[in-house]
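S.K.: Enclosed is the structure file run32.cif (mmCIF, C-alpha atoms).
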data_run
loop_
_atom_site.label_atom_id
_atom_site.label_comp_id
_atom_site.auth_asym_id
_atom_site.auth_seq_id
_atom_site.Cartn_x
_atom_site.Cartn_y
_atom_site.Cartn_z
CA MET E 336 200.30 53.94 104.02
CA ALA E 337 198.41 52.73 107.03
CA GLU E 338 201.21 52.89 109.54
CA GLN E 339 202.06 56.23 111.12
CA PHE E 340 205.69 56.98 111.84
CA SER E 341 207.15 59.57 114.15
CA ILE E 342 210.63 60.65 115.12
CA GLN E 343 212.06 63.05 117.67
CA ALA E 344 214.57 65.70 116.63
CA GLU E 345 216.65 68.18 118.55
CA LYS E 346 218.09 71.47 117.40
CA ARG E 347 221.58 71.40 115.93
CA GLU E 348 223.51 74.33 117.34
CA ALA E 349 226.92 73.87 115.72
CA LEU E 350 227.25 73.33 111.98
CA GLY E 351 230.08 72.08 109.79
CA THR E 352 231.94 68.95 108.77
CA ARG E 353 233.96 68.38 111.95
CA VAL E 354 231.03 68.95 114.25
CA SER E 355 228.83 66.68 112.14
CA ARG E 356 231.43 63.93 112.36
CA ARG E 357 231.38 64.24 116.12
CA TYR E 358 227.60 63.98 116.13
CA ARG E 359 227.72 60.85 113.98
CA LYS E 360 230.20 59.25 116.35
CA ALA E 361 227.79 59.99 119.18
CA GLY E 362 224.98 58.13 117.36
CA LYS E 363 223.21 61.16 115.92
CA VAL E 364 222.45 61.99 112.30
CA PRO E 365 222.49 65.60 111.08
CA ALA E 366 219.28 66.55 109.30
CA VAL E 367 217.70 69.56 107.65
CA LEU E 368 214.01 70.44 107.57
CA ALA E 369 213.13 72.56 104.55
CA GLN E 370 209.93 74.56 104.72
CA LYS E 371 208.26 76.82 102.19
CA GLY E 372 208.73 80.51 102.87
CA ALA E 373 210.85 79.97 105.97
CA GLU E 374 214.45 79.37 106.85
CA PRO E 375 215.48 75.69 106.98
CA LEU E 376 215.92 74.14 110.41
CA HIS E 377 219.12 72.30 111.27
CA LEU E 378 218.27 69.26 113.36
CA LEU E 379 219.74 66.13 114.88
CA ILE E 380 217.96 62.79 114.93
CA ASP E 381 218.82 59.50 116.56
CA ALA E 382 220.62 57.17 114.12
CA LYS E 383 219.08 53.95 115.45
CA GLU E 384 215.57 55.38 115.46
CA PHE E 385 215.98 56.60 111.89
CA ALA E 386 217.40 53.25 110.73
CA ARG E 387 214.24 51.61 112.10
CA LEU E 388 212.08 53.97 110.02
CA VAL E 389 214.09 53.24 106.87
CA LYS E 390 213.68 49.51 107.43
CA LYS E 391 209.92 49.98 107.46
CA HIS E 392 210.05 52.03 104.22
CA ALA E 393 208.67 55.13 105.89
CA ARG E 394 208.21 58.12 103.57
CA ILE E 395 205.95 60.46 105.54
CA VAL E 396 206.92 61.01 109.16
CA THR E 397 205.64 63.15 112.01
CA LEU E 398 208.72 65.07 113.06
CA ALA E 399 208.73 66.50 116.56
CA HIS E 400 211.29 69.30 116.77
CA PRO E 401 211.92 72.24 119.12
CA ALA E 402 209.83 74.60 116.96
CA GLY E 403 206.79 72.30 116.92
CA SER E 404 205.61 69.15 115.19
CA ASP E 405 205.17 68.73 111.44
CA LYS E 406 204.29 66.15 108.86
CA VAL E 407 207.44 65.80 106.81
CA PHE E 408 208.53 63.89 103.75
CA ILE E 409 211.92 62.12 103.76
CA LYS E 410 213.27 63.69 100.61
CA GLU E 411 216.83 62.38 100.53
CA VAL E 412 219.05 60.21 102.66
CA GLN E 413 222.81 60.20 102.18
CA TYR E 414 224.72 57.06 103.13
CA ASP E 415 228.37 56.44 103.88
CA HIS E 416 230.72 54.89 101.32
CA LEU E 417 229.95 51.34 102.46
CA ASP E 418 226.20 51.98 102.17
CA GLU E 419 225.66 51.11 105.83
CA HIS E 420 224.89 54.21 107.89
CA ALA E 421 222.90 57.32 107.06
CA ILE E 422 225.10 60.41 107.25
CA HIS E 423 222.54 63.10 106.43
CA VAL E 424 218.79 63.37 106.01
CA ASP E 425 216.73 65.95 104.14
CA PHE E 426 213.17 66.46 105.36
CA THR E 427 210.58 68.61 103.60
CA LYS E 428 207.52 69.98 105.33
CA ILE E 429 204.40 69.02 103.41
CA ALA E 430 200.73 69.88 103.32
CA MET E 431 198.44 66.85 103.27
CA ASP E 432 196.36 68.29 100.40
CA GLU E 433 199.30 69.04 98.10
CA LEU E 434 200.51 66.68 95.41
CA LEU E 435 203.96 65.18 95.95
CA THR E 436 206.42 64.05 93.32
CA LEU E 437 208.53 61.11 94.42
CA ASP E 438 210.25 57.90 93.32
CA VAL E 439 208.89 54.48 94.19
CA PRO E 440 210.36 51.08 93.34
CA LEU E 441 208.72 49.07 90.59
CA LEU E 442 208.61 45.38 91.41
CA LEU E 443 207.76 42.84 88.75
CA LYS E 444 206.02 39.77 90.11
CA GLY E 445 205.88 36.28 88.67
CA LYS E 446 207.83 34.46 86.00
CA PRO E 447 206.84 35.55 82.51
CA VAL E 448 205.72 33.02 79.89
CA GLY E 449 208.64 34.14 77.76
CA VAL E 450 211.06 32.98 80.46
CA VAL E 451 209.36 29.72 81.48
CA GLU E 452 208.32 28.43 78.06
CA GLU E 453 210.43 30.32 75.53
CA GLY E 454 213.74 30.36 77.42
CA GLY E 455 214.22 34.13 77.53
CA VAL E 456 215.49 36.47 80.22
CA LEU E 457 213.42 39.25 81.78
CA ASP E 458 215.23 42.57 81.47
CA GLN E 459 213.82 45.31 83.65
CA TYR E 460 215.01 48.67 82.38
CA ILE E 461 213.15 50.94 84.79
CA LYS E 462 213.45 49.99 88.44
CA VAL E 463 212.21 53.23 89.97
CA LEU E 464 209.06 55.07 88.89
CA LYS E 465 208.55 58.79 89.26
CA ILE E 466 205.02 59.30 90.49
CA GLN E 467 202.74 62.08 91.66
CA CYS E 468 200.21 61.55 94.42
CA LEU E 469 198.81 62.92 97.65
CA PRO E 470 200.80 62.16 100.83
CA ASP E 471 198.05 59.83 102.03
CA ALA E 472 198.23 57.69 98.93
CA ILE E 473 201.99 57.05 98.74
CA PRO E 474 202.56 53.37 97.96
CA ASP E 475 205.56 51.49 99.40
CA HIS E 476 206.20 50.09 95.96
CA ILE E 477 204.32 49.41 92.76
CA GLU E 478 203.92 45.72 92.12
CA GLN E 479 203.04 44.45 88.70
CA ASP E 480 202.30 40.94 87.55
CA VAL E 481 204.22 40.03 84.39
CA THR E 482 203.28 36.35 84.20
CA GLY E 483 201.63 36.84 80.82
CA LEU E 484 204.59 38.62 79.23
CA LYS E 485 205.79 36.83 76.11
CA LYS E 486 209.18 36.97 74.46
CA ASP E 487 210.03 40.21 72.60
CA VAL E 488 206.83 41.91 73.79
CA LYS E 489 207.45 45.27 75.41
CA PHE E 490 205.98 46.06 78.79
CA CYS E 491 205.39 49.83 78.79
CA ILE E 492 204.11 52.52 81.14
CA LYS E 493 200.70 52.40 79.45
CA ASP E 494 200.38 48.71 80.48
CA LEU E 495 200.89 49.57 84.17
CA ARG E 496 197.97 49.36 86.55
CA LEU E 497 198.63 52.05 89.12
CA PRO E 498 196.81 52.38 92.45
CA ALA E 499 194.03 54.97 92.70
CA GLY E 500 195.28 58.54 93.02
CA VAL E 501 198.74 57.73 91.68
CA LYS E 502 199.97 59.17 88.38
CA ALA E 503 203.18 58.12 86.64
CA LEU E 504 205.28 61.01 85.31
CA HIS E 505 206.79 59.14 82.39
CA ASP E 506 206.08 58.88 78.69
CA ALA E 507 203.34 56.31 78.04
CA GLU E 508 205.54 54.51 75.51
CA LEU E 509 208.52 54.15 77.86
CA VAL E 510 209.60 50.51 77.98
CA LEU E 511 209.78 49.15 81.52
CA ALA E 512 210.72 45.57 80.81
CA ILE E 513 211.10 43.07 78.01
CA VAL E 514 211.78 39.34 77.79
CA GLN E 515 214.77 38.84 75.56
CA GLU E 516 216.67 35.88 74.31
CA HIS E 517 219.35 34.66 76.69
CA LYS E 518 222.71 35.47 75.17
CA LEU E 519 224.89 32.44 75.58
CA GLU E 520 228.58 33.07 75.72
CA GLU E 521 230.51 31.89 72.74
CA VAL E 522 233.32 29.62 73.77
CA ALA E 523 236.27 30.65 71.65
CA PRO E 524 238.69 27.89 70.67
CA ALA E 525 241.90 28.06 72.62
CA VAL E 526 244.54 29.65 70.44
CA VAL E 527 248.13 29.61 71.57
CA ALA E 528 249.38 33.15 71.14
CA PRO E 529 253.00 33.59 70.05
CA GLY E 530 253.74 36.06 72.84
CA PRO E 531 251.98 37.94 75.62
CA LEU E 532 248.93 39.81 74.36
CA GLU E 533 249.32 43.53 74.62
CA PRO E 534 247.08 46.44 73.74
CA GLU E 535 247.89 48.69 70.85
CA VAL E 536 249.91 51.74 71.85
CA ILE E 537 248.63 55.05 70.51
CA LYS E 538 251.57 56.78 68.86
CA LYS E 539 251.84 60.36 67.75
CA GLU E 540 252.37 60.59 64.03
CA LYS E 541 255.35 62.95 63.69
CA ASP E 542 256.30 65.19 60.78
CA GLU E 543 253.13 64.43 58.91
CA GLU E 544 252.13 68.03 58.62
CA ALA E 545 255.61 69.41 57.89
CA PRO E 546 256.45 69.59 54.13
CA GLU E 547 259.25 67.42 52.78
CA GLY E 548 262.71 68.97 52.78
CA ALA E 549 261.80 71.62 55.37
CA GLU E 550 264.27 71.42 58.22
CA LYS E 551 263.41 72.24 61.76
CA LYS E 552 265.28 75.28 62.99
CA PRO E 553 266.38 75.18 66.61
CA GLU E 554 265.09 77.97 68.81
CA ALA E 555 267.16 81.15 69.00
CA GLY E 556 267.57 81.08 72.79
CA LYS E 557 268.93 77.56 72.80
CA LYS E 558 271.40 78.30 70.04
CA GLU E 559 272.95 81.12 71.96
CA ALA E 560 273.01 79.29 75.24
CA ALA E 561 274.98 76.30 73.97
CA PRO E 562 278.36 78.05 73.21
CA GLU E 563 278.33 79.82 76.58
CA LYS E 564 278.15 76.51 78.35
CA LYS E 565 281.11 75.18 76.40
CA GLU E 566 283.18 78.23 77.31
CA LYS E 567 282.42 77.78 80.97
CA GLU E 568 283.47 74.14 80.85
CA LYS E 569 286.82 75.11 79.28
CA LYS E 570 287.52 77.58 82.11
CA MET M 613 240.63 38.20 80.03
CA MET M 614 239.74 41.85 80.02
CA MET M 615 242.34 44.44 79.04
CA PRO M 616 242.35 47.76 77.21
CA LYS M 617 242.28 47.66 73.41
CA ARG M 618 244.44 50.75 72.96
CA VAL M 619 246.64 52.53 75.47
CA LYS M 620 248.60 55.76 75.37
CA PHE M 621 251.48 54.32 77.39
CA ARG M 622 252.35 50.66 77.93
CA LYS M 623 253.54 51.05 81.50
CA SER M 624 251.87 52.99 84.25
CA GLN M 625 253.03 54.35 87.58
CA ARG M 626 251.68 52.87 90.79
CA GLY M 627 249.35 55.74 91.68
CA THR M 628 247.38 56.13 94.91
CA MET M 629 244.33 54.34 96.26
CA LYS M 630 243.52 56.81 99.00
CA GLY M 631 240.03 57.27 100.34
CA PRO M 632 236.66 55.68 99.72
CA ALA M 633 235.01 55.21 96.34
CA THR M 634 233.28 58.39 95.26
CA ARG M 635 231.93 56.92 92.02
CA GLY M 636 230.78 53.46 91.06
CA ASN M 637 229.70 53.01 94.69
CA ARG M 638 225.98 52.36 94.23
CA VAL M 639 224.03 49.48 92.70
CA SER M 640 222.97 51.04 89.41
CA PHE M 641 222.04 48.30 86.94
CA GLY M 642 220.92 45.26 88.88
CA ASP M 643 219.10 44.56 92.12
CA PHE M 644 222.04 43.33 94.19
CA GLY M 645 225.72 44.12 94.13
CA LEU M 646 229.06 42.82 95.38
CA MET M 647 230.85 45.69 97.08
CA SER M 648 234.51 45.85 97.95
CA MET M 649 235.25 46.78 101.54
CA GLU M 650 238.97 47.26 100.97
CA GLN M 651 241.24 49.04 98.59
CA GLY M 652 243.54 47.28 96.20
CA TRP M 653 244.22 46.16 92.67
CA LEU M 654 241.81 43.62 91.25
CA SER M 655 243.59 41.77 88.46
CA ALA M 656 241.91 40.88 85.18
CA LYS M 657 242.39 37.23 86.19
CA GLU M 658 240.34 37.72 89.35
CA ILE M 659 237.61 39.61 87.51
CA GLU M 660 237.39 36.76 85.00
CA ALA M 661 237.38 34.16 87.79
CA GLY M 662 234.48 35.99 89.42
CA ARG M 663 232.58 36.07 86.15
CA VAL M 664 233.09 32.34 85.59
CA ALA M 665 232.01 31.58 89.17
CA ALA M 666 228.85 33.62 88.59
CA ALA M 667 228.16 31.93 85.26
CA HIS M 668 228.41 28.51 86.92
CA ALA M 669 226.20 29.50 89.83
CA MET M 670 223.57 31.35 87.83
CA GLY M 671 223.23 29.19 84.76
CA THR M 672 220.62 30.78 82.52
CA GLU M 673 218.95 32.75 85.31
CA GLY M 674 219.25 36.51 85.67
CA ARG M 675 221.82 38.94 84.37
CA LEU M 676 225.33 39.73 85.54
CA TYR M 677 226.92 43.17 85.23
CA ILE M 678 230.67 43.69 85.66
CA ARG M 679 231.23 47.18 87.04
CA VAL M 680 235.05 47.32 87.03
CA PHE M 681 237.56 47.26 84.19
CA PRO M 682 241.31 46.59 84.43
CA HIS M 683 242.73 49.81 82.96
CA LYS M 684 246.03 49.75 84.83
CA SER M 685 249.05 47.85 83.55
CA VAL M 686 251.16 46.27 86.28
CA SER M 687 254.77 45.56 85.40
CA GLY M 688 257.19 43.14 86.98
CA LYS M 689 260.71 41.83 86.63
CA PRO M 690 261.45 38.19 85.81
CA ALA M 691 262.89 35.88 88.46
CA GLU M 692 266.63 36.01 89.22
CA VAL M 693 267.16 39.37 87.61
CA ARG M 694 269.26 42.00 89.35
CA MET M 695 267.74 45.33 90.27
CA GLY M 696 268.12 48.23 87.87
CA GLN M 697 268.14 48.21 84.07
CA GLY M 698 264.85 50.00 83.98
CA LYS M 699 261.23 49.16 84.60
CA GLY M 700 260.00 45.64 83.97
CA GLU M 701 257.61 44.57 81.28
CA PRO M 702 253.81 44.70 81.78
CA GLU M 703 252.68 41.44 83.39
CA TYR M 704 248.97 41.92 83.84
CA TYR M 705 246.20 44.47 83.93
CA ALA M 706 244.33 45.46 87.07
CA ALA M 707 241.42 47.60 88.19
CA VAL M 708 242.01 50.09 90.99
CA VAL M 709 239.38 49.39 93.64
CA HIS M 710 238.48 51.61 96.57
CA PRO M 711 236.39 50.72 99.64
CA GLY M 712 232.79 50.98 98.48
CA THR M 713 233.36 50.14 94.80
CA VAL M 714 230.62 47.90 93.40
CA LEU M 715 232.42 45.11 91.54
CA TYR M 716 229.53 43.10 90.13
CA GLU M 717 225.76 43.39 89.98
CA VAL M 718 223.06 40.81 89.49
CA ALA M 719 219.52 41.37 88.24
CA GLY M 720 216.44 39.22 87.87
CA VAL M 721 217.12 36.79 90.74
CA SER M 722 215.93 36.45 94.32
CA GLU M 723 217.96 37.82 97.24
CA GLU M 724 218.69 34.36 98.55
CA PHE M 725 219.97 33.22 95.16
CA ALA M 726 222.03 36.39 94.70
CA ARG M 727 223.63 35.84 98.13
CA LYS M 728 224.68 32.36 97.08
CA VAL M 729 226.13 33.61 93.80
CA PHE M 730 228.03 36.45 95.46
CA ASN M 731 229.39 34.09 98.08
CA ASN M 732 230.93 31.99 95.32
CA MET M 733 232.28 35.08 93.62
CA ALA M 734 233.71 36.61 96.79
CA HIS M 735 235.88 33.53 97.23
CA LYS M 736 237.67 34.44 94.00
CA MET M 737 238.44 38.01 95.06
CA SER M 738 241.60 39.12 96.83
CA LEU M 739 239.60 41.85 98.58
CA ARG M 740 237.06 41.60 101.37
CA CYS M 741 233.60 41.97 99.84
CA LYS M 742 229.99 42.16 100.94
CA MET M 743 226.62 41.99 99.27
CA VAL M 744 224.58 45.17 98.99
CA VAL M 745 220.95 45.63 98.00
CA ARG M 746 219.86 48.38 95.65
CA ARG M 747 218.39 51.41 97.40
CA HIS M 748 215.32 52.37 95.45
CA ALA M 749 214.40 55.68 97.01
#
Take the structure in the file and write it out as structure tokens.
M.R.:
Amino acid sequence: MAEQFSIQAEKREALGTRVSRRYRKAGKVPAVLAQKGAEPLHLLIDAKEFARLVKKHARIVTLAHPAGSDKVFIKEVQYDHLDEHAIHVDFTKIAMDELLTLDVPLLLKGKPVGVVEEGGVLDQYIKVLKIQCLPDAIPDHIEQDVTGLKKDVKFCIKDLRLPAGVKALHDAELVLAIVQEHKLEEVAPAVVAPGPLEPEVIKKEKDEEAPEGAEKKPEAGKKEAAPEKKEKEKK
Amino acid sequence: MMMPKRVKFRKSQRGTMKGPATRGNRVSFGDFGLMSMEQGWLSAKEIEAGRVAAAHAMGTEGRLYIRVFPHKSVSGKPAEVRMGQGKGEPEYYAAVVHPGTVLYEVAGVSEEFARKVFNNMAHKMSLRCKMVVRRHA
């Protein structure tokens, strides 16, 4: 992480859903700065400025806020339902000599031999790696060359070549990717159905538990109520 | 076409489609997704048409994930039938889609290629759609 990022934050006086909505309309994003052994700070950051940071894959940021300036880690960003705008940001204050646990994307580079020569498809099961490293050594992503991967050969965590100072927090045998045979769709012969196809309806099987010959007795309350009604109708 | 194998009731009520998608609204399996920007019913026919369009565009490259399933039966009355006499017979099955629902996902292809595939697929949908990229962290 060569590039240094910084962002300005102001104190958020009013809290709550309605107020936060108003802030978002005004181009601000509500944020929280969590710090060890201290109360969290409620802040507001500029939406456009933050979007610029996200575009550059910033993870560690120098946050200037009313109580001072800190190196913070962008722990979580919540987005709106259309995945367009950030609606809330969680920052965590960090120490530069403390190990951090975070997720980084795993990118597989190159076309495997199993795809080019053997006609398989590369299936990547794990797209995000959980790693532990110092804040200085956070990689944007972990890129791995899979050109030599043959068909039906598993590519596991133990085969990964991680950058110096980065440790993967997964089981060594965890399968990351595999080249599998391409499943071609079977073209079923067109069969003319006699009527419209319908799913099976789940029916309750009645009187299965009741013994044969046993009659169901109507409830006492109902039995009494019925003659009264008839009398009323006669009147 | 996709439809449930077993159902508890043949006919269903219309239900509501209020609000944004609170589940199935992130790219979870692939690298890119086709997200609905509107609410509505996506019929099994449309889902199948989208799948076929993707199969034609992708060939043997990459993987396609279908993230919606038509659970809802939609009934209708035949033409020139007077109102009344009860609810019509089930005509087709549909998936209830909210704004933000990811309809399809694609893995193992480049962004440019995925954009082309989703463009073809979006033409088959009755809802306004857009392509979204997986957020890794």
S.K.: One number please: atom CA of E:Pro534 to atom CA of M:Ser655, in Å, one decimal.
M.R.: 15.8 Å
S.K.: In Å, how far is it from atom CA of M:Leu654 to atom CA of M:Leu739?
M.R.: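 According to the coordinates, atom CA of M:Leu654 and atom CA of M:Leu739 are separated by 7.9 Å.
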S.K.: Output as CSV one row per residue of chain M within 8 Å of chain E: the closest atom pair and its distance in Å to one decimal place, counting all atoms listed in the file, sorted by chain and residue number ascending.
M.R.:
residue,atom,partner,partner_atom,distance
M:Met615,CA,E:Pro534,CA,7.4
M:Pro616,CA,E:Pro534,CA,6.0
M:Lys617,CA,E:Pro534,CA,5.0
M:Arg618,CA,E:Glu535,CA,4.5
M:Val619,CA,E:Val536,CA,4.9
M:Lys620,CA,E:Ile537,CA,4.9
M:Phe621,CA,E:Val536,CA,6.3
M:Arg622,CA,E:Val536,CA,6.6
M:Pro632,CA,E:His416,CA,6.2
M:Ala633,CA,E:His416,CA,6.6
M:Thr634,CA,E:His416,CA,7.5
M:Asn637,CA,E:His416,CA,7.0
M:Arg638,CA,E:Asp418,CA,8.0
M:Met647,CA,E:Leu417,CA,7.9
M:Met649,CA,E:Leu417,CA,7.1
M:Thr672,CA,E:His517,CA,7.1
M:Glu673,CA,E:Val456,CA,7.2
M:Gly674,CA,E:Val456,CA,6.6
M:Arg675,CA,E:Val456,CA,8.0
M:Pro711,CA,E:Leu417,CA,7.1
M:Gly712,CA,E:Leu417,CA,4.9
M:Gly720,CA,E:Leu457,CA,6.8
M:Val744,CA,E:Asp418,CA,7.7
M:His748,CA,E:Pro440,CA,5.5
M:Ala749,CA,E:Asp438,CA,6.0
S.K.: Got a sec to resolve the PyMOL selection byres ((chain E and resi 366-377) around 8) on this structure and send the residues as an MDAnalysis selection string?
M.R.: chainID E and resid 346:348 364:365 378:380 423:429
S.K.: Let me know the residues the PyMOL selection byres ((chain M and resi 717) around 9) catches in the file above, as a list in words.
M.R.: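 Taken on the displayed file, the PyMOL selection byres ((chain M and resi 717) around 9) yields the residues Val639, Ser640, Phe641, Gly642, Asp643, Phe644, Gly645, Leu646, Arg675, Leu676, Tyr677, Ile678, Arg679, Val714, Leu715, Tyr716, Val718 and Ala719 of chain M.
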S.K.: Check the smallest atom-to-atom distance from each of E:Pro470, E:Asp494, E:Arg357, E:Asp432 to E:Phe408 using only C-alpha atoms, then report the winner.
M.R.: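 Smallest distance to E:Phe408 is found for E:Pro470.
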S.K.: Mind pulling up the distance from atom CA of M:Ser685 to atom CA of M:Arg663?
M.R.: 20.4 Å
S.K.: M:Gln697, M:Ser624, M:Ser687, M:Gln651: which is nearest M:Ser738, counting all atoms listed in the file?
M.R.: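 Comparing M:Gln697, M:Ser624, M:Ser687, M:Gln651 against M:Ser738, the winner is M:Gln651.
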S.K.: Taking 4 positions as the minimum chain separation for residues in the same chain, which residues sit within 7 Å of M:Lys684 when counting only C-alpha atoms? Answer as a PDB file with C-alpha atoms, in the frame of the given file.
M.R.:
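Here's the written file part.pdb:
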ATOM      1  CA  SER M 624     251.870  52.990  84.250  1.00  0.00           C
ATOM      2  CA  TYR M 705     246.200  44.470  83.930  1.00  0.00           C
ATOM      3  CA  ALA M 706     244.330  45.460  87.070  1.00  0.00           C
ATOM      4  CA  ALA M 707     241.420  47.600  88.190  1.00  0.00           C
TER       5      ALA M 707
END
S.K.: Write out as number ranges by chain which residues come within 12 Å of E:Ala507 when counting all atoms listed in the file, dropping same-chain ones fewer than 4 positions away.
M.R.: E: 490-495, 502-503, 511
S.K.: I'd like to see the residues matched by the PyMOL selection byres ((chain E and resi 445) around 9) on this file, and ideally I'd get them as an NGL selection string.
M.R.: :E and (443-444 or 446-447 or 479-483)
S.K.: Could you work out an axis-aligned bounding box for all listed atoms of stretch 398-404 of chain E, with 4 Å added on each of the six sides, and give its centre and edge lengths in Å to one decimal, as lines of an AutoDock Vina configuration file?
M.R.:
center_x = 208.8
center_y = 69.8
center_z = 116.1
size_x = 14.3
size_y = 17.5
size_z = 14.1
S.K.: So, with all atoms listed in the file as the atoms that count, which of M:Val693, M:Glu650, M:Lys699, M:Phe681 lies closest to M:Lys742?
M.R.: M:Glu650
S.K.: Select, from E:Val510, E:Val407, E:Ile342, E:Leu484, the residue with the minimum atom-to-atom distance to E:Val451, counting all atoms listed in the file.
M.R.: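 Smallest separation from E:Val451 among the options: E:Leu484.
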S.K.: Can you pull out the residues contacting stretch 727-735 of chain M? Cut-off 7 Å, using only C-alpha atoms, and skip same-chain residues under 2 positions away; I want them as a PyMOL selection string.
M.R.: chain M and resi 646+662+665-666+669-670+723-725+737+741+743
